[in-house]
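Asks: Below is the structure I would like to discuss, written out as C-alpha cells.
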Amino acid sequence: MRALTWQGKHDVRVETVPDPQIVNPRDAIIRITSTAICGSDLHLYDHTIPGMKHGDILGHEFMGEVVEVGSGNKKLKIGQRVVVPFVIACGKCFFCQKQQFAACDNSNPADKSDPSEIAYGYPMAAAFGYSHLTGGYAGGQAEFARVPYSDVGPIVVPDGIEDEKVLFLSDILPTGWMAAVNCDIEPGDVVAVWGCGPVGLFAIQSALLLGAHRVIAIDHHPRRLALARALGAEVLDFEEVKVREALAEMTGGIGPDACIDAVGMESHGMTVDNMLDHVKVATFMATDRVHALRQVILATRKGGRISIPGVYGGVADKFPIGALMEKGLQIKSGQTHVQRFMPELLDLILDGKLDTTFLISHRLDLEDAPEGYKNFKEKQNEYTKVVLKPRYTRH
Amino acid sequence: MTKRSPQDIHSDAPPTAFKDPNPSEAALATHDDDSGDLIGRTVTINAPRQALYAFWRDLRNLPLFMENIESVQVFDERRSHWIVNGPAGSTVEWDSVITEDIPGEVLAWSSTDKAEVPNSGRIEFRDTRNGRGTQVTVHLVYDPPVGKLGKAVAKLFGREPNIQARQDLRRFKQLMETGEIPTSEPPAAAPRAD
C-alpha cells in the first residue's frame, strides 16, 4: 500500500510499504477513506517529540471501511464505516474502566513502555502514528491501517453522512470538547482560548455549547481569528494587543474564569522568555517552549481554572508556580479520552448542533501529503486543516 | 548483605522498594540467603485471583509472556526443566523445583543445586480491598557467577534483569486482562518503509 512515512526532520515521503495484517484476535483492518494532518503531527515533522524512527507511518486522524475483522471481535462487521480514535485503549484495565482511555495500561507494548515510564513515572498509553514512546504503531495516513482492540475503539457511523462531518471525531473534536469540559464551565463564565488552530476552534464551539457566557479567542493569523469570530468568539490578535491587559479590561478587571491553552509547546512570540526557551530547546537544555502557558497562568482570574489540551512533552523553565499557588488556580490537562466522548459528539453532529467542516481549508490526495505538511507548517493562516484522500492506485 | 533488624526499618514498603534491596527480606528460598540480586514489582490485574494463579501454576504457559524462556518442561507437580535463550543463539538450561504452593495465593520456585545461575522466584496473588482486581507481586533472586560467564548470564536474563522482569510481568497483565499481547512488530503488525 501507499503510506506517508517519516524520514527525518522536515522530511516526510509517500512510500510503498507492506499491507498491515491481523495479528491479534481483537484487531481489524480498515480501508482508509479519509485522514487528516493534525497540528500535533507538526511536532513530529519538527522532530520536537523524540522516539521517531526512519520509515514510521504517520497519522492518527482517520476513518474508513472495515475490510477484515479478527476472531476476537464480535462487534464490528465487514463493510461498516468507522471513525478510529487516535488513542489505542484496551477497554479492560483499571483506567479504561474509569473511562480514562488515554491512560490505558495495556496498549503500549511492553518493550516500548520503559522510556515513558522513566520520563513520566508510569508508562503512557499507545497512539497511532505517534512515535515509539507511544507504542510505535503505524498511523493512518495510508491506504490501510491495523486497528488493535477494534471492539472498543472505532465508532460506527451511518452510511448517509459524509466523511468530513465525522472524521474529526478521531481527535480534534473530542480534544476541543474535553478542553472545554475541563473548564468546569458555570453560568456567566468568560472563557479565554489561546490558539485558534483546529483544537482551539473546536474548544471555542464546545465552550459556547457547554454554556459559556462569552469566549475570547487569541491568535495572530487573521483567517484563524475570523473563523473564531464566526463561531461567536470575541478575538484578540496578540501582535496588536497586550493580551493580559486586554482580557482584564474586557472582563471588568476580574479576568477570565477559565483559560484554555490550545497552543502547546510550539508557542510563538518574540519575547525574552520565549527566545530563552528557544535557545534552550535548540541546545537540548529543555524541551518545551511555554510562552503561551505562562501568559495563561497570569491572565486567569484568581480562583480560576486552566485547561491544557496543547501538547507538551518534556520539562519547562520559568514555570510561574507562585502565580498558580497564590491565585488558587486549578489545572486540568491530558491526552484526550476519545472513546468516552465519541458517542455524544456523534449525536451532536447528527443533530446539527456542531459544525465540523468549517475549518477544512485544503483537500489533498494522499500522494501530495508532503506538500500538505510543509504548507500546514509554513502557511498557518491559509492552511487551517488538511484532509487527505488515498487513491488506491494499487488495488 | 547483612539482614536489617526490624527496628531499623521505618517504612511500610515491600523489600524491592528499598534503596538497598535485601534478598533475605523477600521470603524467597534462595541458595544462600546473603547473596544474589533481588528484583521485583507489583502490578494490579483486573482479573480474578484464582484464574491468575491457575494460569501461572501451569508453568508451560510462562513462555507465552516471558520473552527469554524457550520452553518449560514439567516433570511432575514439583519439578520442571527450563530452557532459556541466551546471547548469540546460545541457551542455558536448569532444573527447577516448586518450593511453596498455596493455591490461589502463592507460588515459589528455585533452581536446583546444579544450576549455573542459581535463581529463585516467588509470586503472590492478593485480592484488592478497593475492588480493583488482584495485586500480583513477583520477586526474583538471581545470583550471577563472577567473571566472563557472569556477564553472559546477566545478558541472558535480559538487557537488564529488572527491565526484563517488568516487561514480562507487563505482558502477563496484558494477556490476562485483554486476552492478547499488544505488538507493533513490523511488518505485519505495523508496516513501515525500510
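Quick note on naming: the chains in the C-alpha cells go A, B, ... in the order shown, residues restart at 1 in each chain, and ligands are numbered from 1 in order of appearance.
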Would you list, as a count of residues only, the residues of chain B that end up in helix (DSSP H, G or I) under DSSP run on this structure's backbone?

Replies: 55

Asks: Quick one: which chain A residues come within 8 Å of chain B, and what is the nearest atom pair for each with the distance in Å to one decimal, counting only C-alpha atoms, rows ordered by chain and ascending number, as CSV?

Replies:
residue,atom,partner,partner_atom,distance
A:Thr5,CA,B:Ala193,CA,6.8
A:Glu15,CA,B:Ala193,CA,6.7
A:Thr16,CA,B:Ala193,CA,7.2
A:Val17,CA,B:Ala193,CA,5.5
A:Pro18,CA,B:Pro191,CA,5.7
A:Asp19,CA,B:Pro191,CA,6.6
A:Pro20,CA,B:Ala188,CA,5.2
A:Gln21,CA,B:Ala188,CA,5.0
A:Ile22,CA,B:Ala189,CA,7.1
A:Val23,CA,B:Ala189,CA,6.1
A:Asn24,CA,B:Glu180,CA,6.5
A:Pro25,CA,B:Glu180,CA,7.3
A:His54,CA,B:Ala193,CA,7.6
A:Gly55,CA,B:Ala193,CA,4.2
A:Asp56,CA,B:Arg192,CA,5.4
A:Ile57,CA,B:Arg192,CA,6.0
A:Cys90,CA,B:Thr178,CA,6.5
A:Lys92,CA,B:Glu177,CA,6.0
A:Cys93,CA,B:Asn46,CA,6.0
A:Phe94,CA,B:Asn46,CA,6.6
A:Asn106,CA,B:Gln174,CA,5.5
A:Ser107,CA,B:Pro182,CA,6.2
A:Asn108,CA,B:Pro182,CA,7.1
A:Pro109,CA,B:Pro182,CA,5.3
A:Ala110,CA,B:Gln167,CA,5.1
A:Asp111,CA,B:Gln167,CA,6.4
A:Asp114,CA,B:Ile163,CA,7.9
A:Gly135,CA,B:Ser184,CA,6.8
A:Gly136,CA,B:Ser184,CA,5.9
A:Tyr137,CA,B:Ser184,CA,5.2
A:Ala138,CA,B:Ala190,CA,4.9
A:Arg146,CA,B:Ala189,CA,7.0
A:Pro148,CA,B:Pro182,CA,7.8

Asks: Excluding stretch 220-236 of chain A and any residue of its chain fewer than 4 positions from it, enumerate the residues within 12 Å of it, using only C-alpha atoms, and give them as a VMD selection string.

Replies: chain A and resid 190 to 209 212 to 216 240 to 247 250 to 251 263 267 to 269 354 to 361 378 to 385

Asks: Just to confirm, what's the straight-line distance from atom CA of B:Asn61 to atom CA of B:Pro118 in Å (one decimal)?

Replies: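 We find that atom CA of B:Asn61 and atom CA of B:Pro118 lie 21.9 Å from each other.
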
Asks: Any chance you could list, as a PyMOL selection string, the residues in stretch 65-151 of chain A that come up strand (DSSP E) when DSSP is run on the backbone?

Replies: chain A and resi 65-69+81-84+87-88+126-127+144-147

Asks: Take the residues from that selection and write them out as a tab-separated table (two decimals), in the first residue's frame, keeping C-alpha atoms.

Replies:
chain	number	residue	atom	x	y	z
A	65	GLU	CA	-14.38	0.90	5.91
A	66	VAL	CA	-13.87	-2.32	7.85
A	67	VAL	CA	-12.35	-4.86	5.44
A	68	GLU	CA	-11.16	-7.56	7.86
A	69	VAL	CA	-12.05	-8.45	11.46
A	81	ARG	CA	-17.91	2.66	8.21
A	82	VAL	CA	-15.93	3.61	11.28
A	83	VAL	CA	-14.02	6.54	12.74
A	84	VAL	CA	-10.95	5.41	14.69
A	87	VAL	CA	-5.81	6.77	21.45
A	88	ILE	CA	-5.37	2.99	21.46
A	126	ALA	CA	-0.35	3.99	22.85
A	127	ALA	CA	-1.50	6.14	19.95
A	144	PHE	CA	-4.96	0.69	5.19
A	145	ALA	CA	-4.42	0.52	8.93
A	146	ARG	CA	-4.42	-2.22	11.51
A	147	VAL	CA	-6.57	-1.22	14.48
